[in-house]
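*Asks:* So here's entry_30.cif (mmCIF, C-alpha atoms and all ligand atoms).
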```
data_query
loop_
_atom_site.label_atom_id
_atom_site.label_comp_id
_atom_site.auth_asym_id
_atom_site.auth_seq_id
_atom_site.Cartn_x
_atom_site.Cartn_y
_atom_site.Cartn_z
CA MET A 1 -36.13 -120.39 -118.81
CA ASP A 2 -37.93 -121.36 -115.65
CA PRO A 3 -39.97 -124.59 -115.82
CA GLU A 4 -42.95 -122.63 -117.19
CA GLY A 5 -40.83 -120.91 -119.85
CA ARG A 6 -42.13 -117.46 -118.87
CA THR A 7 -40.83 -114.30 -120.53
CA PHE A 8 -41.19 -110.71 -119.34
CA GLN A 9 -41.22 -107.71 -121.63
CA ARG A 10 -40.17 -105.42 -118.78
CA GLY A 11 -38.64 -107.58 -116.11
CA VAL A 12 -36.80 -107.18 -112.85
CA VAL A 13 -34.41 -109.61 -111.22
CA ALA A 14 -33.34 -108.93 -107.65
CA VAL A 15 -30.29 -110.55 -106.16
CA HIS A 16 -28.98 -110.84 -102.61
CA ASN A 17 -25.69 -112.48 -101.57
CA GLY A 18 -25.26 -114.06 -105.00
CA ARG A 19 -28.70 -115.66 -104.93
CA ILE A 20 -31.78 -114.69 -106.97
CA VAL A 21 -34.52 -113.44 -104.62
CA TYR A 22 -37.07 -112.04 -107.07
CA VAL A 23 -37.99 -112.54 -110.72
CA GLY A 24 -40.96 -110.75 -112.24
CA SER A 25 -42.37 -107.69 -113.87
CA ASP A 26 -41.03 -104.23 -113.09
CA GLY A 27 -43.87 -103.26 -110.75
CA VAL A 28 -41.71 -104.23 -107.81
CA ARG A 29 -38.94 -101.87 -106.66
CA TYR A 30 -35.91 -102.96 -104.73
CA ALA A 31 -33.51 -100.46 -103.20
CA GLY A 32 -30.38 -102.12 -104.52
CA THR A 33 -26.82 -101.20 -103.58
CA ILE A 34 -25.97 -101.93 -107.23
CA GLU A 35 -28.51 -101.41 -109.98
CA ILE A 36 -27.95 -102.51 -113.58
CA ASP A 37 -30.16 -100.84 -116.16
CA GLY A 38 -31.08 -103.55 -118.64
CA ARG A 39 -33.25 -101.46 -120.94
CA GLY A 40 -32.79 -102.51 -124.56
CA LYS A 41 -31.17 -105.74 -123.43
CA LEU A 42 -32.26 -109.34 -123.04
CA LEU A 43 -31.54 -111.07 -119.75
CA MET A 44 -31.10 -114.83 -119.68
CA PRO A 45 -29.23 -117.49 -117.69
CA GLY A 46 -25.47 -117.65 -118.31
CA LEU A 47 -24.48 -120.18 -120.98
CA ILE A 48 -23.07 -123.57 -119.98
CA ASN A 49 -20.33 -125.08 -122.15
CA ALA A 50 -20.79 -128.81 -121.53
CA HIS A 51 -17.43 -129.98 -122.94
CA THR A 52 -14.15 -128.20 -123.58
CA HIS A 53 -10.41 -128.25 -122.99
CA ILE A 54 -10.02 -124.53 -122.46
CA ALA A 55 -6.22 -124.35 -122.25
CA MET A 56 -6.11 -125.52 -125.89
CA THR A 57 -6.53 -121.87 -126.86
CA LEU A 58 -2.71 -122.07 -127.09
CA LEU A 59 -3.03 -124.59 -129.94
CA ARG A 60 -5.69 -122.65 -131.83
CA GLY A 61 -5.07 -122.65 -135.55
CA ILE A 62 -2.04 -124.97 -135.57
CA ALA A 63 -3.76 -127.91 -137.30
CA GLU A 64 -6.46 -127.15 -139.82
CA ASP A 65 -8.31 -129.21 -142.43
CA ILE A 66 -6.84 -132.60 -141.51
CA PRO A 67 -8.46 -135.82 -140.19
CA LEU A 68 -8.60 -136.66 -136.46
CA ASN A 69 -5.73 -139.17 -136.33
CA GLU A 70 -3.30 -136.80 -138.10
CA TRP A 71 -4.66 -133.89 -136.07
CA LEU A 72 -3.95 -135.75 -132.82
CA GLU A 73 -0.77 -137.65 -133.67
CA ASN A 74 1.14 -135.11 -135.77
CA ALA A 75 -0.03 -131.78 -134.40
CA ILE A 76 -1.67 -131.87 -130.98
CA TRP A 77 -0.04 -134.65 -128.95
CA PRO A 78 3.58 -133.64 -129.78
CA ARG A 79 2.85 -130.07 -128.60
CA GLU A 80 0.93 -131.22 -125.54
CA ALA A 81 3.87 -133.41 -124.50
CA LYS A 82 5.89 -130.20 -124.09
CA LEU A 83 3.30 -128.26 -122.10
CA LYS A 84 4.34 -126.90 -118.71
CA PRO A 85 1.99 -125.91 -115.89
CA GLY A 86 2.50 -122.18 -116.52
CA ASP A 87 1.51 -122.61 -120.18
CA VAL A 88 -1.77 -124.22 -119.17
CA TYR A 89 -2.46 -121.32 -116.79
CA ALA A 90 -1.87 -118.73 -119.56
CA GLY A 91 -3.99 -120.68 -122.05
CA ALA A 92 -6.79 -121.23 -119.54
CA LEU A 93 -6.84 -117.56 -118.59
CA LEU A 94 -7.15 -116.60 -122.26
CA GLY A 95 -9.95 -119.15 -122.62
CA CYS A 96 -11.73 -117.78 -119.55
CA ALA A 97 -11.58 -114.27 -121.01
CA GLU A 98 -13.07 -115.58 -124.27
CA LEU A 99 -15.79 -117.50 -122.41
CA ILE A 100 -16.84 -114.40 -120.48
CA LYS A 101 -16.78 -112.22 -123.59
CA THR A 102 -19.16 -114.64 -125.34
CA GLY A 103 -21.57 -115.16 -122.44
CA THR A 104 -20.52 -118.48 -120.94
CA THR A 105 -20.65 -118.56 -117.15
CA CYS A 106 -19.89 -122.26 -116.49
CA PHE A 107 -17.75 -124.76 -118.39
CA ASN A 108 -17.00 -128.47 -118.11
CA ASP A 109 -13.31 -129.18 -118.75
CA MET A 110 -10.86 -132.06 -118.90
CA TYR A 111 -7.13 -131.55 -119.49
CA PHE A 112 -3.66 -131.76 -117.88
CA PHE A 113 -2.36 -129.61 -114.99
CA MET A 114 -5.93 -128.92 -113.93
CA ASP A 115 -4.77 -127.16 -110.77
CA GLN A 116 -3.65 -124.40 -113.17
CA VAL A 117 -7.07 -124.32 -114.83
CA ALA A 118 -8.67 -124.11 -111.38
CA GLU A 119 -6.44 -121.13 -110.57
CA ALA A 120 -7.52 -119.45 -113.83
CA VAL A 121 -11.16 -120.07 -112.90
CA ALA A 122 -10.55 -118.51 -109.48
CA LYS A 123 -8.90 -115.47 -111.08
CA SER A 124 -11.58 -115.04 -113.75
CA GLY A 125 -14.62 -115.36 -111.46
CA LEU A 126 -16.18 -118.06 -113.68
CA ARG A 127 -17.80 -121.30 -112.55
CA ALA A 128 -16.43 -124.64 -113.78
CA VAL A 129 -16.55 -128.42 -113.47
CA LEU A 130 -12.98 -129.69 -113.81
CA ALA A 131 -11.41 -133.12 -114.24
CA GLU A 132 -7.78 -134.18 -114.64
CA GLY A 133 -7.63 -136.20 -117.87
CA MET A 134 -6.57 -139.85 -117.41
CA ILE A 135 -5.22 -142.13 -120.15
CA GLU A 136 -4.32 -145.74 -119.35
CA ARG A 137 -4.13 -147.71 -122.64
CA GLY A 138 -4.28 -151.07 -120.84
CA ASP A 139 -1.13 -150.29 -118.82
CA LEU A 140 -1.95 -151.03 -115.17
CA GLY A 141 0.91 -148.98 -113.73
CA ARG A 142 0.13 -145.99 -115.91
CA GLY A 143 -3.54 -146.29 -114.95
CA GLN A 144 -2.81 -146.35 -111.22
CA GLU A 145 -0.62 -143.27 -111.50
CA ALA A 146 -3.24 -141.43 -113.57
CA LEU A 147 -6.00 -142.36 -111.13
CA ARG A 148 -3.90 -141.18 -108.19
CA ARG A 149 -3.44 -137.76 -109.88
CA GLY A 150 -7.09 -137.57 -110.85
CA GLU A 151 -8.19 -138.44 -107.33
CA ASN A 152 -5.84 -135.89 -105.74
CA PHE A 153 -7.15 -133.15 -107.99
CA ALA A 154 -10.79 -134.11 -107.40
CA LYS A 155 -10.26 -134.16 -103.62
CA ASN A 156 -8.19 -131.00 -103.31
CA PHE A 157 -10.13 -128.71 -105.64
CA ASP A 158 -13.80 -129.62 -105.11
CA GLY A 159 -15.33 -126.42 -103.72
CA PHE A 160 -12.32 -124.30 -104.75
CA ALA A 161 -12.82 -120.61 -105.71
CA GLU A 162 -15.55 -119.94 -103.13
CA GLY A 163 -17.36 -123.08 -104.25
CA ARG A 164 -17.46 -122.21 -107.96
CA VAL A 165 -15.22 -125.16 -108.89
CA ARG A 166 -16.67 -128.65 -108.76
CA THR A 167 -14.53 -131.63 -109.68
CA ARG A 168 -14.95 -134.92 -111.52
CA LEU A 169 -12.78 -137.83 -112.58
CA GLY A 170 -11.81 -137.68 -116.26
CA PRO A 171 -10.99 -141.03 -117.94
CA HIS A 172 -10.23 -139.85 -121.48
CA SER A 173 -12.34 -142.27 -123.54
CA GLU A 174 -13.52 -145.82 -124.11
CA TYR A 175 -10.66 -146.34 -126.60
CA SER A 176 -7.85 -145.04 -124.36
CA CYS A 177 -9.06 -146.73 -121.14
CA SER A 178 -9.75 -150.45 -120.56
CA PRO A 179 -12.99 -151.70 -118.93
CA GLU A 180 -10.89 -152.78 -115.91
CA PHE A 181 -9.53 -149.27 -115.50
CA LEU A 182 -12.98 -147.73 -115.95
CA CYS A 183 -14.29 -150.01 -113.17
CA ALA A 184 -11.60 -148.68 -110.85
CA VAL A 185 -12.44 -145.08 -111.88
CA LYS A 186 -16.15 -145.62 -111.22
CA GLU A 187 -15.46 -147.11 -107.80
CA LYS A 188 -13.22 -144.16 -106.92
CA ALA A 189 -15.71 -141.57 -108.20
CA ASP A 190 -18.50 -143.11 -106.12
CA SER A 191 -16.34 -143.19 -102.99
CA LEU A 192 -15.37 -139.53 -103.50
CA GLY A 193 -18.95 -138.51 -104.35
CA VAL A 194 -17.92 -136.91 -107.66
CA GLY A 195 -19.10 -137.47 -111.23
CA ILE A 196 -17.22 -138.67 -114.32
CA HIS A 197 -16.47 -136.79 -117.57
CA MET A 198 -15.29 -138.74 -120.63
CA HIS A 199 -15.35 -138.89 -124.44
CA LEU A 200 -17.54 -141.63 -125.94
CA ALA A 201 -18.11 -142.93 -129.48
CA GLU A 202 -16.37 -140.01 -131.13
CA SER A 203 -14.71 -141.62 -134.14
CA LYS A 204 -16.06 -144.47 -136.29
CA GLY A 205 -12.58 -146.03 -136.49
CA TYR A 206 -12.12 -146.10 -132.70
CA VAL A 207 -15.71 -147.30 -132.14
CA ASP A 208 -15.21 -150.22 -134.55
CA SER A 209 -11.87 -151.24 -133.01
CA VAL A 210 -13.33 -151.21 -129.47
CA ALA A 211 -16.34 -153.26 -130.62
CA ARG A 212 -14.01 -155.80 -132.26
CA LYS A 213 -11.97 -156.14 -129.08
CA LEU A 214 -14.94 -156.38 -126.69
CA GLY A 215 -17.30 -158.28 -128.99
CA LYS A 216 -19.96 -155.65 -128.22
CA SER A 217 -20.43 -151.89 -128.28
CA ALA A 218 -18.72 -149.72 -125.69
CA ALA A 219 -22.10 -148.50 -124.37
CA LYS A 220 -23.22 -152.10 -123.78
CA GLU A 221 -19.92 -152.91 -122.06
CA LEU A 222 -20.12 -149.77 -119.90
CA GLU A 223 -23.67 -150.72 -118.92
CA GLU A 224 -22.58 -154.24 -117.94
CA ILE A 225 -19.72 -153.03 -115.74
CA GLY A 226 -22.06 -150.60 -113.93
CA PHE A 227 -20.34 -147.49 -115.29
CA LEU A 228 -23.44 -145.71 -116.58
CA ASP A 229 -25.54 -143.44 -114.40
CA LYS A 230 -26.62 -139.83 -114.03
CA ASN A 231 -23.19 -138.89 -112.65
CA LEU A 232 -21.58 -139.48 -116.06
CA ILE A 233 -21.35 -136.85 -118.78
CA ALA A 234 -20.19 -138.29 -122.11
CA ALA A 235 -18.94 -136.01 -124.88
CA HIS A 236 -19.81 -136.61 -128.56
CA CYS A 237 -21.73 -139.97 -128.67
CA ILE A 238 -21.76 -139.78 -132.48
CA HIS A 239 -21.47 -143.41 -133.56
CA ILE A 240 -24.15 -145.02 -131.40
CA ASP A 241 -27.27 -146.80 -132.58
CA GLN A 242 -30.86 -146.59 -131.31
CA GLN A 243 -30.32 -149.39 -128.80
CA GLU A 244 -27.32 -147.56 -127.33
CA ILE A 245 -29.27 -144.29 -127.19
CA GLY A 246 -31.84 -146.25 -125.17
CA ILE A 247 -29.10 -147.44 -122.82
CA LEU A 248 -27.89 -143.86 -122.22
CA ALA A 249 -31.49 -142.71 -121.63
CA ASP A 250 -32.28 -145.61 -119.24
CA HIS A 251 -29.29 -144.77 -117.05
CA GLY A 252 -29.72 -140.98 -117.10
CA VAL A 253 -26.32 -140.36 -118.71
CA GLY A 254 -25.70 -136.73 -119.71
CA VAL A 255 -24.43 -136.07 -123.24
CA ALA A 256 -22.28 -133.13 -124.36
CA HIS A 257 -22.93 -132.53 -128.05
CA CYS A 258 -20.05 -130.75 -129.85
CA PRO A 259 -21.29 -130.12 -133.41
CA VAL A 260 -18.63 -127.70 -134.65
CA SER A 261 -15.64 -129.72 -133.49
CA ASN A 262 -17.23 -132.94 -134.79
CA MET A 263 -17.94 -131.49 -138.23
CA LYS A 264 -14.56 -129.78 -138.50
CA VAL A 265 -12.69 -133.06 -138.10
CA ALA A 266 -15.39 -134.82 -140.18
CA LEU A 267 -16.38 -137.28 -137.44
CA GLY A 268 -20.09 -137.17 -138.23
CA THR A 269 -23.13 -135.68 -136.51
CA ALA A 270 -24.71 -137.17 -133.38
CA LYS A 271 -28.40 -138.10 -133.50
CA ILE A 272 -29.48 -135.42 -131.07
CA VAL A 273 -33.14 -135.36 -132.10
CA ASP A 274 -33.43 -139.06 -131.17
CA MET A 275 -31.57 -138.52 -127.93
CA VAL A 276 -33.74 -135.58 -126.85
CA SER A 277 -36.99 -137.36 -127.80
CA ARG A 278 -35.93 -140.38 -125.71
CA GLY A 279 -35.18 -138.22 -122.67
CA VAL A 280 -31.36 -138.08 -122.78
CA ARG A 281 -30.13 -134.90 -121.10
CA VAL A 282 -28.15 -133.16 -123.85
CA GLY A 283 -26.01 -130.07 -123.36
CA ILE A 284 -23.85 -128.38 -126.00
CA GLY A 285 -20.07 -128.05 -125.84
CA THR A 286 -17.54 -126.31 -128.05
CA ASP A 287 -14.81 -128.92 -127.42
CA GLY A 288 -11.28 -127.49 -127.25
CA PRO A 289 -10.46 -124.26 -129.13
CA ALA A 290 -7.93 -126.19 -131.27
CA SER A 291 -10.74 -128.09 -133.00
CA ASN A 292 -13.42 -125.40 -133.18
CA ASN A 293 -11.69 -122.64 -133.20
CA HIS A 294 -13.61 -120.55 -130.68
CA VAL A 295 -15.78 -121.09 -127.61
CA ASP A 296 -18.74 -118.97 -128.74
CA MET A 297 -21.73 -120.97 -127.50
CA LEU A 298 -24.31 -118.78 -129.21
CA LYS A 299 -22.74 -119.54 -132.60
CA ASP A 300 -22.35 -123.26 -131.86
CA MET A 301 -25.95 -123.54 -130.67
CA LYS A 302 -27.21 -122.33 -134.03
CA ILE A 303 -24.85 -124.67 -135.89
CA ALA A 304 -26.16 -127.55 -133.74
CA ALA A 305 -29.67 -126.81 -134.97
CA LEU A 306 -28.62 -126.45 -138.61
CA ALA A 307 -26.73 -129.76 -138.50
CA GLN A 308 -29.75 -131.60 -137.05
CA LYS A 309 -32.15 -130.07 -139.60
CA SER A 310 -29.76 -131.18 -142.34
CA LEU A 311 -29.10 -134.65 -140.85
CA TYR A 312 -32.80 -135.48 -140.45
CA GLY A 313 -33.98 -133.54 -143.51
CA ASP A 314 -36.45 -131.87 -141.18
CA ALA A 315 -36.77 -128.11 -140.70
CA THR A 316 -38.61 -128.64 -137.40
CA ALA A 317 -35.58 -130.39 -135.80
CA LEU A 318 -34.22 -128.60 -132.68
CA PRO A 319 -36.59 -125.62 -132.85
CA ALA A 320 -35.75 -122.14 -131.54
CA LYS A 321 -37.51 -122.80 -128.25
CA THR A 322 -35.44 -125.91 -127.50
CA LEU A 323 -31.98 -124.51 -128.27
CA PRO A 324 -31.58 -121.86 -125.53
CA ARG A 325 -32.59 -124.51 -123.00
CA MET A 326 -29.87 -126.85 -124.25
CA VAL A 327 -27.14 -124.29 -123.51
CA THR A 328 -28.58 -123.45 -120.07
CA ILE A 329 -30.86 -125.70 -118.02
CA GLU A 330 -30.29 -128.91 -120.04
CA GLY A 331 -26.52 -128.40 -119.78
CA ALA A 332 -26.97 -127.84 -116.05
CA LYS A 333 -28.94 -131.10 -115.79
CA ALA A 334 -26.30 -133.01 -117.76
CA LEU A 335 -23.75 -131.75 -115.20
CA ARG A 336 -26.15 -132.28 -112.26
CA LEU A 337 -26.00 -128.58 -111.40
CA GLU A 338 -29.66 -127.83 -112.14
CA LYS A 339 -30.48 -126.99 -108.52
CA LEU A 340 -27.77 -124.30 -108.60
CA ILE A 341 -27.75 -122.77 -112.09
CA GLY A 342 -29.30 -122.93 -115.56
CA SER A 343 -32.41 -120.78 -115.15
CA VAL A 344 -33.54 -117.40 -113.83
CA GLU A 345 -35.41 -118.62 -110.77
CA VAL A 346 -35.69 -117.57 -107.15
CA GLY A 347 -33.20 -119.54 -105.07
CA LYS A 348 -30.65 -120.13 -107.83
CA ARG A 349 -27.16 -118.64 -107.92
CA THR A 350 -26.89 -115.44 -109.91
CA ASP A 351 -25.29 -116.60 -113.17
CA LEU A 352 -26.83 -114.22 -115.70
CA ILE A 353 -26.02 -112.49 -118.96
CA LEU A 354 -27.42 -109.46 -120.75
CA ILE A 355 -27.51 -109.45 -124.55
CA ASP A 356 -27.50 -106.02 -126.21
CA LEU A 357 -30.42 -105.96 -128.66
CA ASN A 358 -29.50 -102.61 -130.21
CA LYS A 359 -27.74 -104.22 -133.18
CA PRO A 360 -28.56 -104.24 -136.91
CA HIS A 361 -28.67 -108.04 -137.06
CA LEU A 362 -31.06 -108.19 -134.08
CA THR A 363 -33.52 -105.72 -135.66
CA PRO A 364 -36.52 -105.71 -135.83
CA PRO A 365 -37.06 -107.42 -132.46
CA ALA A 366 -38.17 -111.06 -132.82
CA ASP A 367 -39.47 -113.24 -130.02
CA PRO A 368 -36.65 -113.79 -127.49
CA TRP A 369 -36.24 -117.52 -128.24
CA THR A 370 -35.62 -116.81 -131.92
CA THR A 371 -33.27 -113.93 -131.15
CA ILE A 372 -31.13 -116.11 -128.88
CA ALA A 373 -31.26 -119.25 -131.01
CA HIS A 374 -30.82 -117.91 -134.52
CA SER A 375 -29.59 -114.32 -134.55
CA ALA A 376 -27.38 -113.52 -131.55
CA MET A 377 -23.60 -114.00 -131.41
CA GLY A 378 -21.18 -114.03 -128.52
CA SER A 379 -20.08 -110.48 -129.32
CA ASP A 380 -23.63 -109.27 -128.56
CA VAL A 381 -23.23 -110.18 -124.88
CA ASP A 382 -22.90 -106.95 -122.91
CA THR A 383 -22.89 -107.97 -119.23
CA VAL A 384 -21.88 -111.19 -117.47
CA ILE A 385 -22.59 -112.00 -113.83
CA VAL A 386 -21.41 -115.17 -112.04
CA ASP A 387 -22.32 -116.04 -108.47
CA GLY A 388 -23.38 -112.41 -107.99
CA GLY A 389 -20.05 -111.00 -109.21
CA ILE A 390 -20.02 -108.76 -112.29
CA LEU A 391 -17.33 -110.16 -114.61
CA MET A 392 -18.10 -107.99 -117.66
CA GLU A 393 -19.92 -104.69 -118.01
CA SER A 394 -20.46 -102.93 -121.36
CA ARG A 395 -18.12 -105.61 -122.83
CA ARG A 396 -15.26 -104.62 -120.51
CA LEU A 397 -13.82 -107.36 -118.28
CA THR A 398 -13.87 -106.22 -114.67
CA GLU A 399 -11.73 -108.91 -113.00
CA MET A 400 -9.02 -109.39 -115.63
CA ASN A 401 -6.75 -107.30 -117.84
CA GLU A 402 -7.69 -108.45 -121.32
CA GLY A 403 -4.69 -106.85 -123.03
CA GLU A 404 -2.19 -108.47 -120.68
CA ILE A 405 -3.87 -111.89 -121.01
CA ILE A 406 -3.71 -111.73 -124.82
CA LYS A 407 -0.07 -110.59 -124.77
CA LYS A 408 1.02 -113.32 -122.34
CA ALA A 409 -0.86 -116.10 -124.17
CA THR A 410 0.66 -115.00 -127.49
CA GLU A 411 4.17 -115.15 -126.02
CA VAL A 412 3.55 -118.56 -124.45
CA ALA A 413 2.07 -120.01 -127.68
CA GLN A 414 5.02 -118.74 -129.74
CA GLU A 415 7.54 -120.08 -127.26
CA LEU A 416 5.73 -123.44 -127.15
CA ALA A 417 5.84 -123.68 -130.95
CA SER A 418 9.62 -123.26 -130.94
CA ARG A 419 10.24 -125.52 -127.92
ZN ZN B 501 -12.93 -133.25 -126.18
#
```
Let me see the file written as structure tokens.
Ligand SMILES: [Zn+2]
*Replies:*
Amino acid sequence: MDPEGRTFQRGVVAVHNGRIVYVGSDGVRYAGTIEIDGRGKLLMPGLINAHTHIAMTLLRGIAEDIPLNEWLENAIWPREAKLKPGDVYAGALLGCAELIKTGTTCFNDMYFFMDQVAEAVAKSGLRAVLAEGMIERGDLGRGQEALRRGENFAKNFDGFAEGRVRTRLGPHSEYSCSPEFLCAVKEKADSLGVGIHMHLAESKGYVDSVARKLGKSAAKELEEIGFLDKNLIAAHCIHIDQQEIGILADHGVGVAHCPVSNMKVALGTAKIVDMVSRGVRVGIGTDGPASNNHVDMLKDMKIAALAQKSLYGDATALPAKTLPRMVTIEGAKALRLEKLIGSVEVGKRTDLILIDLNKPHLTPPADPWTTIAHSAMGSDVDTVIVDGGILMESRRLTEMNEGEIIKKATEVAQELASR
């Protein structure tokens, strides 16, 4: 997944101090202090989950088969109101374990108590882009308080965990934040030198009510107030028309497409083929585990392709060669991390995974793009390396005790349900 899209049948990657120093065929020998034998495995860049709320592992399975407003108002928000910092840590740690076990090496997250999520990232060895979620609902005082918390988190945790944590500001959405508040957020983000992560055009009902209030679409309004640029990643973008897709493309906005979560709550399917053809940088996200119900990017990538083929009535939509790029380098571009991660290239940080090909469903061997895009699952990932650190080997977590994490998260989820 370098710019030339090269593949090697028998490849070697050499790494020094967490940085890739050689990529090529196996003619070259390096005397490594650690050598990983990748025979029978496929090496690729670590997966990038472009939108999630990882601590929502705790709410997995509590609200199924109901529409978004009931899902939020009756099930999720009442539980979230009772969350304590320690709960978020336990849920985030469980989510980090699941991310590693399914091959994700970097995730983009927005939630509450994000200092706890940052601590879980530090413990797990993963890489993450984190934002404290901010909801204002036209209440100036509430907005100021939220922005103060968001700013503090962004300032204090940028570069945390040996530089693996980057921060953003996280205004929740165009329907829960007024244009005035979003102006203040943009100004603050620019002065801090951080990006913005928000939800946009997720539900038809919310999109229509915002358009009625503003007299124009949210994308048009965001363009007019100077909110749109390459430092913004917007999740969902389902209910936007061709003109609005053009606006996102013109300003270099990154989009996090979350097909499974969107279909599960019946919100619709974003027009990703149009976005990609017009140059929008689109990554794929799982969204929170409460609306998915996993964070397996290999599964979601395939579902993304199936949904686009079905939406456009076109079997050529999102072909096998495009998909693996969307969960690696395109996700990195959407998060403005493409100089650091997203491909196996000399000079990049060592965020790599090995997929075990010795599986019935991966036999006989197909071309690697097809294997990754259409056949592989998270449970096929054998080895995970982030920033040069080995986080999983032969499917065993090296930095965390999986059994203890599962036990603790189960206890916390049960206690939360009875609180
Ligand atoms: Zn979300």
*Asks:* Expressed in Å to a single decimal, how great is the separation between atom CA of A:Lys359 and atom CA of A:Glu402?
*Replies:* 23.7 Å
*Asks:* When you draw a straight line from atom CA of A:Leu68 to atom CA of A:Ala266, how long is it in Å?
*Replies:*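 Distance reported for this atom pair: 8.0 Å.
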*Asks:* Just want the 10 Å neighbourhood of stretch 145-161 of chain A, counted on all atoms listed in the file, with same-chain residues fewer than 3 positions away dropped. Output as a PyMOL selection string.
*Replies:* chain A and resi 112-115+118-136+140-142+164-171+181+184-185+188-189+192-195
*Asks:* Enumerate residues in contact with ligand ZN 501 (chain B): an atom-to-atom distance of at most 7 Å, counting only C-alpha atoms and all ligand atoms. Format the result as a ChimeraX atom specification.
*Replies:* /A:51-53,199,235,287-288
*Asks:* Write out as an MDAnalysis selection string which residues come within 9 Å of A:Gly279 when counting only C-alpha atoms, dropping same-chain ones fewer than 6 positions away.
*Replies:* chainID A and resid 249:250 252
*Asks:* So which one's closest to A:Met297, A:Arg396, A:Lys339, A:His374, A:Arg19? Using only C-alpha atoms, please.
*Replies:* A:His374
*Asks:* Atom CA of A:Leu42 to atom CA of A:Arg349: how many Å, to one decimal?
*Replies:*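 Atom CA of A:Arg349 lies at a distance of 18.5 Å from atom CA of A:Leu42.
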*Asks:* Set the distance at 12 Å and use all atoms listed in the file: which residues neighbour A:Ile34 once local chain neighbours fewer than 5 positions away are removed? I'd like the list as a list of chain:residue names.
*Replies:*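 So the residues in contact are A:Ala14, A:Val15, A:His16, A:Asn17, A:Gly388, A:Gly389, A:Ile390.
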*Asks:* Would you list the contacts of A:Met326 as an MDAnalysis selection string, taking every protein, DNA or RNA residue within 9 Å and counting only C-alpha atoms, but skipping same-chain residues closer than 4 positions in sequence?
*Replies:* chainID A and resid 48 281:284 301 322 330:332
*Asks:* With all atoms listed in the file as the basis for distance, which of A:Ala270, A:Leu99, A:Leu335, A:Leu94 is at the shortest distance from A:Ile353?
*Replies:*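 Residue with the minimum atom-to-atom distance to A:Ile353: A:Leu99.
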